[in-house]
Structures are given as C-alpha cells and as structure tokens.
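**Q** Data file query26.json (JSON, C-alpha atoms) is appended below.
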[["chain", "number", "residue", "atom", "x", "y", "z"],
["M", 288, "MET", "CA", 8.70, 16.06, -7.11],
["M", 289, "ASN", "CA", 7.34, 12.75, -5.76],
["M", 290, "GLY", "CA", 4.66, 12.78, -8.47],
["M", 291, "PHE", "CA", 7.26, 13.26, -11.23],
["M", 292, "LYS", "CA", 9.44, 10.50, -9.78],
["M", 293, "THR", "CA", 6.47, 8.14, -9.65],
["M", 294, "LEU", "CA", 5.56, 8.94, -13.27],
["M", 295, "MET", "CA", 9.10, 8.23, -14.42],
["M", 296, "LEU", "CA", 9.26, 4.94, -12.53],
["M", 297, "LEU", "CA", 5.86, 3.83, -13.81],
["M", 298, "SER", "CA", 6.95, 4.68, -17.36],
["M", 299, "ALA", "CA", 10.10, 2.61, -16.82],
["M", 300, "LEU", "CA", 7.99, -0.30, -15.64],
["M", 301, "THR", "CA", 5.78, -0.10, -18.74],
["M", 302, "ALA", "CA", 8.85, 0.13, -20.98],
["M", 303, "LEU", "CA", 10.29, -2.94, -19.26],
["M", 304, "LEU", "CA", 7.10, -4.87, -19.97],
["M", 305, "MET", "CA", 7.19, -3.89, -23.65],
["M", 306, "ALA", "CA", 10.88, -4.78, -23.90],
["M", 307, "LEU", "CA", 10.13, -8.20, -22.46],
["M", 308, "GLY", "CA", 7.35, -8.66, -25.00],
["M", 309, "PHE", "CA", 9.72, -7.59, -27.80],
["M", 310, "THR", "CA", 12.33, -10.12, -26.66],
["M", 311, "PHE", "CA", 9.88, -12.99, -27.04],
["M", 312, "GLY", "CA", 7.73, -11.78, -29.94],
["M", 313, "GLY", "CA", 9.31, -8.82, -31.67],
["M", 314, "SER", "CA", 7.26, -5.68, -32.27],
["M", 315, "GLN", "CA", 4.03, -7.69, -32.22],
["M", 316, "GLY", "CA", 5.00, -9.19, -28.87],
["M", 317, "ALA", "CA", 5.65, -5.71, -27.44],
["M", 318, "LEU", "CA", 2.21, -4.56, -28.61],
["M", 319, "ILE", "CA", 0.51, -7.63, -27.15],
["M", 320, "ALA", "CA", 2.30, -7.09, -23.83],
["M", 321, "LEU", "CA", 1.08, -3.50, -23.71],
["M", 322, "VAL", "CA", -2.51, -4.49, -24.52],
["M", 323, "VAL", "CA", -2.45, -7.19, -21.83],
["M", 324, "ALA", "CA", -1.16, -4.69, -19.26],
["M", 325, "LEU", "CA", -3.86, -2.17, -20.21],
["M", 326, "GLY", "CA", -6.54, -4.85, -19.92],
["M", 327, "MET", "CA", -5.30, -5.98, -16.52],
["M", 328, "ASN", "CA", -5.15, -2.39, -15.28],
["M", 329, "LEU", "CA", -8.70, -1.76, -16.48],
["M", 330, "PHE", "CA", -9.93, -4.80, -14.56],
["M", 331, "SER", "CA", -7.98, -3.74, -11.45],
["M", 332, "TYR", "CA", -9.30, -0.18, -11.73],
["M", 333, "TRP", "CA", -12.88, -1.36, -11.23],
["M", 334, "ASN", "CA", -12.39, -4.39, -8.98],
["M", 335, "SER", "CA", -9.20, -4.09, -6.90],
["M", 336, "ASP", "CA", -10.94, -2.64, -3.82],
["M", 337, "LYS", "CA", -13.55, -5.40, -3.72],
["M", 338, "ILE", "CA", -10.88, -8.08, -4.16],
["M", 339, "VAL", "CA", -8.67, -6.65, -1.40],
["M", 340, "LEU", "CA", -11.49, -6.25, 1.12],
["M", 341, "ARG", "CA", -12.89, -9.72, 0.42],
["M", 342, "MET", "CA", -9.41, -11.22, 0.68],
["M", 343, "HIS", "CA", -9.08, -9.82, 4.22],
["M", 344, "GLY", "CA", -12.62, -10.72, 5.31],
["M", 345, "ALA", "CA", -13.26, -7.05, 6.06],
["M", 346, "ARG", "CA", -16.68, -6.00, 7.37],
["M", 347, "GLN", "CA", -18.08, -2.54, 6.82],
["M", 348, "VAL", "CA", -18.97, -0.47, 9.90],
["M", 349, "ASP", "CA", -20.91, 2.75, 10.38],
["M", 350, "GLY", "CA", -21.93, 5.24, 13.04],
["M", 351, "GLN", "CA", -24.10, 2.66, 14.78],
["M", 352, "SER", "CA", -21.79, -0.37, 14.76],
["M", 353, "ALA", "CA", -18.52, 1.50, 15.53],
["M", 354, "PRO", "CA", -19.44, 5.06, 16.55],
["M", 355, "GLU", "CA", -16.04, 6.23, 17.89],
["M", 356, "PHE", "CA", -13.98, 4.80, 15.07],
["M", 357, "TYR", "CA", -16.38, 5.94, 12.37],
["M", 358, "ALA", "CA", -16.61, 9.46, 13.85],
["M", 359, "MET", "CA", -12.81, 9.68, 14.01],
["M", 360, "VAL", "CA", -12.44, 8.78, 10.31],
["M", 361, "ALA", "CA", -15.21, 11.25, 9.43],
["M", 362, "GLU", "CA", -13.42, 14.07, 11.26],
["M", 363, "LEU", "CA", -10.08, 13.25, 9.64],
["M", 364, "ALA", "CA", -11.71, 13.10, 6.20],
["M", 365, "ARG", "CA", -13.24, 16.53, 6.86],
["M", 366, "ARG", "CA", -9.82, 17.95, 7.79],
["M", 367, "ALA", "CA", -8.30, 16.40, 4.65],
["M", 368, "GLU", "CA", -11.15, 17.84, 2.52],
["M", 369, "LEU", "CA", -11.99, 14.36, 1.26],
["M", 370, "PRO", "CA", -15.34, 12.63, 0.72],
["M", 371, "MET", "CA", -16.23, 10.26, 3.54],
["M", 372, "PRO", "CA", -14.69, 6.87, 2.70],
["M", 373, "LYS", "CA", -16.26, 3.54, 3.50],
["M", 374, "VAL", "CA", -14.90, 2.24, 6.79],
["M", 375, "TYR", "CA", -14.03, -1.41, 7.44],
["M", 376, "VAL", "CA", -12.79, -3.48, 10.36],
["M", 377, "ILE", "CA", -10.85, -6.72, 9.95],
["M", 378, "ASP", "CA", -11.11, -9.30, 12.72],
["M", 379, "SER", "CA", -7.42, -10.14, 13.08],
["M", 380, "PRO", "CA", -4.91, -9.85, 15.95],
["M", 381, "HIS", "CA", -2.28, -8.69, 13.44],
["M", 382, "PRO", "CA", -1.96, -4.89, 13.85],
["M", 383, "ASN", "CA", -2.24, -3.13, 10.50],
["M", 384, "ALA", "CA", -4.33, -0.84, 8.32],
["M", 385, "PHE", "CA", -4.68, 0.02, 4.64],
["M", 386, "ALA", "CA", -6.61, 2.13, 2.14],
["M", 387, "THR", "CA", -8.05, 1.03, -1.18],
["M", 388, "GLY", "CA", -10.31, 2.32, -3.94],
["M", 389, "ARG", "CA", -9.82, 3.78, -7.40],
["M", 390, "ASN", "CA", -10.33, 7.43, -6.37],
["M", 391, "PRO", "CA", -11.31, 9.56, -3.33],
["M", 392, "GLU", "CA", -14.99, 9.26, -4.25],
["M", 393, "ASN", "CA", -14.80, 5.45, -4.09],
["M", 394, "ALA", "CA", -12.25, 5.00, -1.31],
["M", 395, "ALA", "CA", -12.28, 2.66, 1.65],
["M", 396, "VAL", "CA", -10.07, 2.49, 4.74],
["M", 397, "ALA", "CA", -9.65, -0.55, 6.93],
["M", 398, "ALA", "CA", -8.02, -1.36, 10.26],
["M", 399, "THR", "CA", -7.58, -4.64, 12.10],
["M", 400, "THR", "CA", -8.97, -5.23, 15.56],
["M", 401, "GLY", "CA", -5.38, -5.92, 16.59],
["M", 402, "LEU", "CA", -4.44, -2.37, 15.68],
["M", 403, "LEU", "CA", -7.49, -0.82, 17.33],
["M", 404, "ASN", "CA", -6.79, -2.70, 20.55],
["M", 405, "MET", "CA", -3.06, -1.97, 20.59],
["M", 406, "LEU", "CA", -2.92, 1.79, 19.99],
["M", 407, "THR", "CA", -4.14, 4.86, 21.83],
["M", 408, "ARG", "CA", -6.79, 7.11, 20.36],
["M", 409, "ASP", "CA", -4.25, 9.64, 19.11],
["M", 410, "GLU", "CA", -2.13, 6.90, 17.55],
["M", 411, "ILE", "CA", -5.14, 5.41, 15.77],
["M", 412, "ALA", "CA", -5.98, 8.87, 14.45],
["M", 413, "GLY", "CA", -2.42, 9.17, 13.12],
["M", 414, "VAL", "CA", -2.68, 5.81, 11.36],
["M", 415, "MET", "CA", -6.04, 6.56, 9.77],
["M", 416, "ALA", "CA", -4.78, 10.00, 8.72],
["M", 417, "HIS", "CA", -1.87, 8.22, 7.01],
["M", 418, "GLU", "CA", -4.34, 6.03, 5.12],
["M", 419, "LEU", "CA", -6.38, 9.07, 4.12],
["M", 420, "GLY", "CA", -3.10, 10.58, 2.95],
["M", 421, "HIS", "CA", -2.81, 7.67, 0.51],
["M", 422, "VAL", "CA", -6.35, 8.42, -0.68],
["M", 423, "LYS", "CA", -5.64, 12.14, -1.05],
["M", 424, "ASN", "CA", -2.45, 11.44, -3.01],
["M", 425, "ARG", "CA", -4.30, 8.84, -5.14],
["M", 426, "ASP", "CA", -1.72, 6.23, -4.16],
["M", 427, "THR", "CA", -4.33, 3.48, -4.07],
["M", 428, "LEU", "CA", -4.79, 3.70, -7.84],
["M", 429, "ILE", "CA", -1.08, 4.18, -8.56],
["M", 430, "MET", "CA", -0.01, 1.16, -6.51],
["M", 431, "THR", "CA", -2.73, -1.00, -8.06],
["M", 432, "MET", "CA", -1.41, -0.08, -11.50],
["M", 433, "VAL", "CA", 2.17, -0.76, -10.44],
["M", 434, "ALA", "CA", 1.30, -4.15, -8.94],
["M", 435, "THR", "CA", -0.63, -5.08, -12.08],
["M", 436, "VAL", "CA", 2.20, -4.21, -14.48],
["M", 437, "ALA", "CA", 4.79, -5.93, -12.26],
["M", 438, "GLY", "CA", 2.57, -9.00, -12.14],
["M", 439, "ALA", "CA", 2.24, -8.95, -15.93],
["M", 440, "ILE", "CA", 6.04, -8.85, -16.25],
["M", 441, "SER", "CA", 6.43, -11.89, -14.01],
["M", 442, "MET", "CA", 3.68, -13.72, -15.87],
["M", 443, "LEU", "CA", 5.21, -12.93, -19.27],
["M", 444, "ALA", "CA", 8.68, -13.96, -18.08],
["M", 445, "ASN", "CA", 7.34, -17.33, -16.91],
["M", 446, "PHE", "CA", 5.51, -17.79, -20.20],
["M", 447, "GLY", "CA", 8.61, -16.88, -22.17],
["M", 448, "MET", "CA", 10.75, -19.37, -20.28],
["M", 449, "PHE", "CA", 8.21, -22.13, -20.98],
["M", 450, "PHE", "CA", 7.73, -21.12, -24.61],
["M", 451, "ARG", "CA", 11.40, -20.80, -25.47],
["M", 452, "GLY", "CA", 12.88, -23.29, -23.04],
["M", 453, "ASN", "CA", 13.47, -25.90, -25.76],
["M", 454, "ASP", "CA", 14.28, -23.46, -28.55],
["M", 455, "ASN", "CA", 17.99, -24.03, -29.24],
["M", 456, "ARG", "CA", 17.92, -21.43, -32.00],
["M", 457, "GLY", "CA", 16.89, -18.68, -29.65],
["M", 458, "ASN", "CA", 19.27, -16.23, -28.13],
["M", 459, "ALA", "CA", 20.05, -17.94, -24.83],
["M", 460, "LEU", "CA", 21.51, -14.81, -23.24],
["M", 461, "ALA", "CA", 18.50, -12.70, -24.14],
["M", 462, "THR", "CA", 16.17, -15.34, -22.74],
["M", 463, "ILE", "CA", 18.10, -15.54, -19.47],
["M", 464, "LEU", "CA", 18.11, -11.76, -19.13],
["M", 465, "ALA", "CA", 14.41, -11.57, -19.91],
["M", 466, "VAL", "CA", 13.37, -14.35, -17.55],
["M", 467, "ILE", "CA", 15.58, -13.45, -14.59],
["M", 468, "VAL", "CA", 16.51, -9.79, -14.83],
["M", 469, "ALA", "CA", 13.16, -8.35, -15.96],
["M", 470, "PRO", "CA", 11.11, -9.55, -12.95],
["M", 471, "LEU", "CA", 13.91, -8.49, -10.61],
["M", 472, "ALA", "CA", 14.03, -5.03, -12.19],
["M", 473, "ALA", "CA", 10.24, -4.80, -11.97],
["M", 474, "MET", "CA", 10.39, -5.63, -8.26],
["M", 475, "ILE", "CA", 13.03, -2.93, -7.68],
["M", 476, "VAL", "CA", 10.96, -0.30, -9.51],
["M", 477, "GLN", "CA", 7.83, -1.37, -7.63],
["M", 478, "MET", "CA", 9.62, -1.01, -4.31],
["M", 479, "ALA", "CA", 10.98, 2.42, -5.28],
["M", 480, "ILE", "CA", 7.49, 3.70, -6.14],
["M", 481, "SER", "CA", 5.93, 2.23, -3.01],
["M", 482, "ARG", "CA", 8.59, 3.71, -0.73],
["M", 483, "THR", "CA", 8.12, 7.13, -2.29],
["M", 484, "ARG", "CA", 4.37, 6.95, -1.70],
["M", 485, "GLU", "CA", 4.82, 5.83, 1.94],
["M", 486, "TYR", "CA", 6.93, 8.86, 2.81],
["M", 487, "GLY", "CA", 4.32, 11.06, 1.15],
["M", 488, "ALA", "CA", 1.48, 9.42, 3.09],
["M", 489, "ASP", "CA", 3.39, 9.81, 6.37],
["M", 490, "ARG", "CA", 3.75, 13.55, 5.72],
["M", 491, "ALA", "CA", 0.11, 13.86, 4.68],
["M", 492, "GLY", "CA", -0.98, 11.87, 7.73],
["M", 493, "ALA", "CA", 0.97, 14.14, 10.05],
["M", 494, "GLU", "CA", -0.58, 17.20, 8.42],
["M", 495, "ILE", "CA", -4.13, 15.80, 8.57],
["M", 496, "SER", "CA", -3.90, 14.63, 12.18],
["M", 497, "GLY", "CA", -1.70, 17.53, 13.29],
["M", 498, "ASN", "CA", 0.30, 15.08, 15.40],
["M", 499, "PRO", "CA", 3.40, 13.54, 13.77],
["M", 500, "MET", "CA", 4.59, 12.27, 17.17],
["M", 501, "ALA", "CA", 1.46, 10.10, 17.55],
["M", 502, "LEU", "CA", 1.97, 8.60, 14.08],
["M", 503, "ALA", "CA", 5.65, 7.95, 14.86],
["M", 504, "SER", "CA", 4.66, 6.20, 18.10],
["M", 505, "ALA", "CA", 2.04, 4.14, 16.23],
["M", 506, "LEU", "CA", 4.58, 3.04, 13.60],
["M", 507, "ALA", "CA", 6.94, 1.78, 16.31],
["M", 508, "LYS", "CA", 4.20, -0.22, 18.02],
["M", 509, "ILE", "CA", 2.80, -1.63, 14.77],
["M", 510, "SER", "CA", 6.27, -2.63, 13.58],
["M", 511, "ARG", "CA", 6.89, -4.64, 16.74],
["M", 512, "GLY", "CA", 3.44, -6.21, 16.61],
["M", 513, "ALA", "CA", 3.58, -7.00, 12.90],
["M", 514, "ALA", "CA", 6.88, -8.81, 13.37],
["M", 515, "ALA", "CA", 5.54, -10.89, 16.26],
["M", 516, "ILE", "CA", 1.97, -11.69, 15.18],
["M", 517, "PRO", "CA", 1.39, -13.75, 12.01],
["M", 518, "ASN", "CA", -0.60, -12.32, 9.09],
["M", 519, "PRO", "CA", -2.13, -15.26, 7.16],
["M", 520, "VAL", "CA", -3.14, -13.06, 4.20],
["M", 521, "ALA", "CA", 0.39, -11.73, 3.67],
["M", 522, "GLN", "CA", 1.85, -15.22, 4.11],
["M", 523, "GLN", "CA", -0.40, -16.61, 1.39],
["M", 524, "MET", "CA", -0.05, -13.57, -0.88],
["M", 525, "PRO", "CA", 3.21, -11.64, -0.25],
["M", 526, "SER", "CA", 2.19, -8.94, -2.75],
["M", 527, "ALA", "CA", -0.43, -7.79, -0.22],
["M", 528, "ALA", "CA", 2.41, -6.38, 1.91],
["M", 529, "GLN", "CA", 2.46, -3.15, -0.11],
["M", 530, "LEU", "CA", -1.08, -2.38, 1.14],
["M", 531, "TYR", "CA", -0.23, -2.13, 4.82],
["M", 532, "ILE", "CA", 1.01, 0.83, 6.80],
["M", 533, "VAL", "CA", 3.83, -1.44, 8.03],
["M", 534, "PRO", "CA", 4.78, -4.66, 6.18],
["M", 535, "ALA", "CA", 4.67, -8.00, 7.92],
["M", 536, "HIS", "CA", 8.45, -8.42, 7.65],
["M", 537, "VAL", "CA", 11.19, -6.06, 8.80],
["M", 538, "SER", "CA", 13.93, -6.56, 6.15],
["M", 539, "GLU", "CA", 14.30, -3.32, 4.21],
["M", 540, "MET", "CA", 16.23, -4.73, 1.25],
["M", 541, "PHE", "CA", 13.24, -6.53, -0.26],
["M", 542, "SER", "CA", 10.48, -4.50, 1.39],
["M", 543, "THR", "CA", 7.94, -2.30, -0.36],
["M", 544, "HIS", "CA", 8.28, 0.16, 2.55],
["M", 545, "PRO", "CA", 11.17, 2.26, 3.86],
["M", 546, "ALA", "CA", 12.67, 1.10, 7.15],
["M", 547, "THR", "CA", 10.29, 2.01, 9.97],
["M", 548, "GLU", "CA", 13.15, 3.72, 11.81],
["M", 549, "LYS", "CA", 13.71, 6.07, 8.85],
["M", 550, "ARG", "CA", 9.99, 6.89, 8.66],
["M", 551, "ILE", "CA", 9.92, 7.64, 12.40],
["M", 552, "ALA", "CA", 13.01, 9.85, 12.09],
["M", 553, "ALA", "CA", 11.36, 11.83, 9.27],
["M", 554, "LEU", "CA", 8.22, 12.32, 11.36],
["M", 555, "LEU", "CA", 10.27, 13.47, 14.35],
["M", 556, "ASP", "CA", 11.97, 16.02, 12.11],
["M", 557, "MET", "CA", 8.51, 17.30, 11.16],
["M", 558, "ALA", "CA", 7.32, 17.52, 14.75],
["M", 559, "GLY", "CA", 8.87, 20.93, 15.34],
["M", 560, "ASP", "CA", 6.64, 22.45, 12.66],
["M", 561, "PHE", "CA", 3.42, 21.37, 14.36],
["M", 562, "THR", "CA", 1.52, 22.67, 17.36],
["M", 563, "PRO", "CA", 0.56, 19.64, 19.45],
["M", 564, "PRO", "CA", -3.22, 19.10, 19.61],
["M", 565, "ALA", "CA", -5.02, 19.23, 22.91],
["M", 566, "PRO", "CA", -4.57, 15.94, 24.80],
["M", 567, "ALA", "CA", -7.38, 13.43, 24.60],
["M", 568, "PRO", "CA", -9.33, 12.57, 27.77],
["M", 569, "ALA", "CA", -7.49, 10.21, 30.06],
["M", 570, "SER", "CA", -9.88, 7.34, 29.36],
["M", 571, "SER", "CA", -9.27, 7.68, 25.61],
["M", 572, "ARG", "CA", -5.52, 7.70, 26.07],
["M", 573, "ARG", "CA", -5.53, 4.56, 28.19],
["M", 574, "SER", "CA", -7.68, 2.40, 25.94],
["M", 575, "ALA", "CA", -8.17, 1.91, 22.23],
["M", 576, "LEU", "CA", -11.33, 2.43, 20.25],
["M", 577, "ASP", "CA", -13.90, -0.33, 20.43],
["M", 578, "PRO", "CA", -14.41, -1.50, 16.83],
["M", 579, "LEU", "CA", -17.80, -2.89, 17.82],
["M", 580, "GLY", "CA", -18.94, 0.42, 19.30]]
As structure tokens, please, write out the structure in this file.

**A**
Amino acid sequence: MNGFKTLMLLSALTALLMALGFTFGGSQGALIALVVALGMNLFSYWNSDKIVLRMHGARQVDGQSAPEFYAMVAELARRAELPMPKVYVIDSPHPNAFATGRNPENAAVAATTGLLNMLTRDEIAGVMAHELGHVKNRDTLIMTMVATVAGAISMLANFGMFFRGNDNRGNALATILAVIVAPLAAMIVQMAISRTREYGADRAGAEISGNPMALASALAKISRGAAAIPNPVAQQMPSAAQLYIVPAHVSEMFSTHPATEKRIAALLDMAGDFTPPAPAPASSRRSALDPLG
C-alpha cells in the first residue's frame, strides 16, 4: 500500500513539473521540463551518495577502525538479508543518522559521533536497523528522485517568474499560480512521500532489530538532542533534513518527517508483537559504541 501511495505521489510530482513547463512554454515547455527532470535524476542516481557523504565530511570506517559499530551494522544487515553497506562516521555533536546509495548493492549508512555517544547499544542498533530499513525499501533512491523533481519545480518557477515578469501580455493569474502554488504543492507532495517512507523504515527497523522499544527510546533522545544541538549542514541546506532519522527542527507542519511522538506511539503499538531480545551486557548498556574502536 505504501509503495502504491508513493508511486501515485511521485507521478503527481512529475505531472506538476510538466504542467509548470506547459504554463511557461506550451507543449514544448512541458517536454523540456520532463527532459530536464530526467537528466537531473540520472545525475543524482549516480552521484547523490558521494555528494551527501562529502557534504557531511563523513569518513568511512571498517572492522579495524570501529570494530563494535561495524560488527553491529554487519549483523543487522545479515538479519535484513542485505549486502553489507559501507559504514561512515560523521564527527559532529549533533545526534543523527542517515542512509544513502542508489540501491542495496551500493548503499552506505552513516551516524554522527553525537549519536554514538548519546545512545545505548540497543538504541544504536535500533537506529541503524531503521537506516537499513530505508535501504531495504529502496527509499534512498525514491527520496533522491523526489528531491530532484521538487528542486526542478522550484528552479523552473524561479526561471518563469524572471522570464515572464515583464510580460504584460501574459496571463498574470497563471503566472502567479505557477510561481507560488507549484513549489508549495511540490513541497507538500515531497513531505507526504517522505513521511510515508519514515513510517515504513520505523517498522522495518523494529523488525530487523527485534526491539521496537529501543528504537522508540532512541527517537525520543535524538529528537531532544537534535532540537538543542545545532546542525550546520541542515542550516546551510534545509533540504538535507529529509535524510536524517529525526529532522533538526520539531515543527510537524513543514517537516519531511511525521511528529516524533506519533512515530514513537506507532512503535509502542508494535512492541506487543515482538519478543524482547536478550539484554546486552551491563557495560554495553551504560556506554555507547566507540566510533574510533
């Protein structure tokens, strides 16, 4: 059902882009808009993961540089029946994590040192399972496509306003609708798709880790930390917010994520269907994983 909903919303986004192109350039404008979107998506398909990781200053780790963290991701990937993703750590006090990559065979997961130092072992496992849930559901590709088309709509709207701003013969109402309403509609569709994928990744994460309570606890801690600790990347590029397990801001109206309280409530509803895993050793529960090994 979530897959069908995502397909319909993505189709609506593409139709909106073509309608915007038609408003400014007729049938030829609609075709050009579609070609531009396809070209941008092709570029994003091959390069989005590299851009995202470089933007965050992420460094790749392995079994030698971060043995506990790397082994945890490897075990979760095995449970999820996924290829082993590349694992990255971001030196930032802001607590967050994300997944990227065009498919499960070329996936990467990343966590900040702030997150690794804030959460318990079980909570970190829940978070990384959530990110692997995105990989399993192929959300990383879907959200890259959505962000690309939404960006193309905003770009085309700005171009159209500049191009037709002094054209008194143009249809003023159509121009206003195209320039103002189209980007707003694109943002709403983008948020709807992202929120759908987040609920799906929460469920997948709970199933992979076997511990929805730990993921719920992690979401509460990350939400508080994300609201209190600045995230320079998200401040400079607000569109990056859709990557994170919890956005940097807490307002639901304009957020790419559902309210954290609603996500926690959904996980708590799931908890009765799971057998709690054996508790981790006391030392693991008291301290987080050392990202440096």

**Q** Counting only C-alpha atoms, which residue out of M:Ile319, M:Leu340, M:Leu530, M:Met557 sits closest to Val376 of chain M?

**A** M:Leu340

**Q** If I put a ball of radius 8 Å at (-1.8, 1.1, 21.9) in the file's coordinates, which residues poke into it when counting all atoms listed in the file, written as a count of residues only?

**A** 12

**Q** Return the single residue from M:Pro391, M:Pro470, M:Pro382, M:Pro545 that is closest to Gly512 of chain M, with distances computed using all atoms listed in the file.

**A**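 Smallest distance to Gly512 of chain M is found for M:Pro382.
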
**Q** So that I can check the surroundings of segment 496-498 of chain M, please list as a CSV table (one decimal) with C-alpha atoms, in the coordinates of the input every protein, DNA and RNA residue that reaches within 12 Å of it, counting only C-alpha atoms and ignoring chain neighbours fewer than 4 positions away.

**A**
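File written: around-v8.csv
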chain,number,residue,atom,x,y,z
M,359,MET,CA,-12.8,9.7,14.0
M,360,VAL,CA,-12.4,8.8,10.3
M,362,GLU,CA,-13.4,14.1,11.3
M,363,LEU,CA,-10.1,13.2,9.6
M,364,ALA,CA,-11.7,13.1,6.2
M,365,ARG,CA,-13.2,16.5,6.9
M,366,ARG,CA,-9.8,18.0,7.8
M,367,ALA,CA,-8.3,16.4,4.6
M,408,ARG,CA,-6.8,7.1,20.4
M,409,ASP,CA,-4.2,9.6,19.1
M,410,GLU,CA,-2.1,6.9,17.6
M,411,ILE,CA,-5.1,5.4,15.8
M,412,ALA,CA,-6.0,8.9,14.4
M,413,GLY,CA,-2.4,9.2,13.1
M,414,VAL,CA,-2.7,5.8,11.4
M,415,MET,CA,-6.0,6.6,9.8
M,416,ALA,CA,-4.8,10.0,8.7
M,417,HIS,CA,-1.9,8.2,7.0
M,418,GLU,CA,-4.3,6.0,5.1
M,419,LEU,CA,-6.4,9.1,4.1
M,420,GLY,CA,-3.1,10.6,3.0
M,488,ALA,CA,1.5,9.4,3.1
M,489,ASP,CA,3.4,9.8,6.4
M,490,ARG,CA,3.8,13.6,5.7
M,491,ALA,CA,0.1,13.9,4.7
M,492,GLY,CA,-1.0,11.9,7.7
M,502,LEU,CA,2.0,8.6,14.1
M,503,ALA,CA,5.6,8.0,14.9
M,504,SER,CA,4.7,6.2,18.1
M,505,ALA,CA,2.0,4.1,16.2
M,554,LEU,CA,8.2,12.3,11.4
M,555,LEU,CA,10.3,13.5,14.4
M,557,MET,CA,8.5,17.3,11.2
M,558,ALA,CA,7.3,17.5,14.8
M,559,GLY,CA,8.9,20.9,15.3
M,560,ASP,CA,6.6,22.4,12.7
M,561,PHE,CA,3.4,21.4,14.4
M,562,THR,CA,1.5,22.7,17.4
M,563,PRO,CA,0.6,19.6,19.4
M,564,PRO,CA,-3.2,19.1,19.6
M,565,ALA,CA,-5.0,19.2,22.9
M,566,PRO,CA,-4.6,15.9,24.8

**Q** Rebuild N, CA and C atoms on segment 346-362 of chain M, as a PDB file, in the frame of the given file?

**A**
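This went into out.pdb:
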ATOM      1  N   ARG M 346     -15.252  -6.291   7.214  1.00  0.00           N
ATOM      2  CA  ARG M 346     -16.680  -6.000   7.370  1.00  0.00           C
ATOM      3  C   ARG M 346     -16.869  -4.489   7.507  1.00  0.00           C
ATOM      4  N   GLN M 347     -17.832  -3.965   6.797  1.00  0.00           N
ATOM      5  CA  GLN M 347     -18.080  -2.540   6.820  1.00  0.00           C
ATOM      6  C   GLN M 347     -18.766  -2.143   8.115  1.00  0.00           C
ATOM      7  N   VAL M 348     -18.358  -0.996   8.683  1.00  0.00           N
ATOM      8  CA  VAL M 348     -18.970  -0.470   9.900  1.00  0.00           C
ATOM      9  C   VAL M 348     -19.484   0.940   9.624  1.00  0.00           C
ATOM     10  N   ASP M 349     -20.344   1.413  10.527  1.00  0.00           N
ATOM     11  CA  ASP M 349     -20.910   2.750  10.380  1.00  0.00           C
ATOM     12  C   ASP M 349     -21.038   3.411  11.737  1.00  0.00           C
ATOM     13  N   GLY M 350     -21.790   4.498  11.797  1.00  0.00           N
ATOM     14  CA  GLY M 350     -21.930   5.240  13.040  1.00  0.00           C
ATOM     15  C   GLY M 350     -22.657   4.493  14.132  1.00  0.00           C
ATOM     16  N   GLN M 351     -23.398   3.456  13.777  1.00  0.00           N
ATOM     17  CA  GLN M 351     -24.100   2.660  14.780  1.00  0.00           C
ATOM     18  C   GLN M 351     -23.240   1.491  15.275  1.00  0.00           C
ATOM     19  N   SER M 352     -22.555   0.814  14.368  1.00  0.00           N
ATOM     20  CA  SER M 352     -21.790  -0.370  14.760  1.00  0.00           C
ATOM     21  C   SER M 352     -20.420  -0.040  15.359  1.00  0.00           C
ATOM     22  N   ALA M 353     -19.827   1.090  14.984  1.00  0.00           N
ATOM     23  CA  ALA M 353     -18.520   1.500  15.530  1.00  0.00           C
ATOM     24  C   ALA M 353     -18.480   3.020  15.622  1.00  0.00           C
ATOM     25  N   PRO M 354     -19.255   3.599  16.541  1.00  0.00           N
ATOM     26  CA  PRO M 354     -19.440   5.060  16.550  1.00  0.00           C
ATOM     27  C   PRO M 354     -18.151   5.866  16.726  1.00  0.00           C
ATOM     28  N   GLU M 355     -17.271   5.452  17.651  1.00  0.00           N
ATOM     29  CA  GLU M 355     -16.040   6.230  17.890  1.00  0.00           C
ATOM     30  C   GLU M 355     -15.107   6.180  16.689  1.00  0.00           C
ATOM     31  N   PHE M 356     -14.888   4.979  16.195  1.00  0.00           N
ATOM     32  CA  PHE M 356     -13.980   4.800  15.070  1.00  0.00           C
ATOM     33  C   PHE M 356     -14.499   5.502  13.832  1.00  0.00           C
ATOM     34  N   TYR M 357     -15.772   5.335  13.554  1.00  0.00           N
ATOM     35  CA  TYR M 357     -16.380   5.940  12.370  1.00  0.00           C
ATOM     36  C   TYR M 357     -16.327   7.471  12.471  1.00  0.00           C
ATOM     37  N   ALA M 358     -16.634   8.001  13.658  1.00  0.00           N
ATOM     38  CA  ALA M 358     -16.610   9.460  13.850  1.00  0.00           C
ATOM     39  C   ALA M 358     -15.189  10.002  13.693  1.00  0.00           C
ATOM     40  N   MET M 359     -14.204   9.251  14.162  1.00  0.00           N
ATOM     41  CA  MET M 359     -12.810   9.680  14.010  1.00  0.00           C
ATOM     42  C   MET M 359     -12.442   9.785  12.531  1.00  0.00           C
ATOM     43  N   VAL M 360     -12.767   8.757  11.738  1.00  0.00           N
ATOM     44  CA  VAL M 360     -12.440   8.780  10.310  1.00  0.00           C
ATOM     45  C   VAL M 360     -13.179   9.929   9.625  1.00  0.00           C
ATOM     46  N   ALA M 361     -14.427  10.166  10.017  1.00  0.00           N
ATOM     47  CA  ALA M 361     -15.210  11.250   9.430  1.00  0.00           C
ATOM     48  C   ALA M 361     -14.559  12.604   9.695  1.00  0.00           C
ATOM     49  N   GLU M 362     -14.069  12.807  10.915  1.00  0.00           N
ATOM     50  CA  GLU M 362     -13.420  14.070  11.260  1.00  0.00           C
ATOM     51  C   GLU M 362     -12.116  14.241  10.492  1.00  0.00           C
TER      52      GLU M 362
END
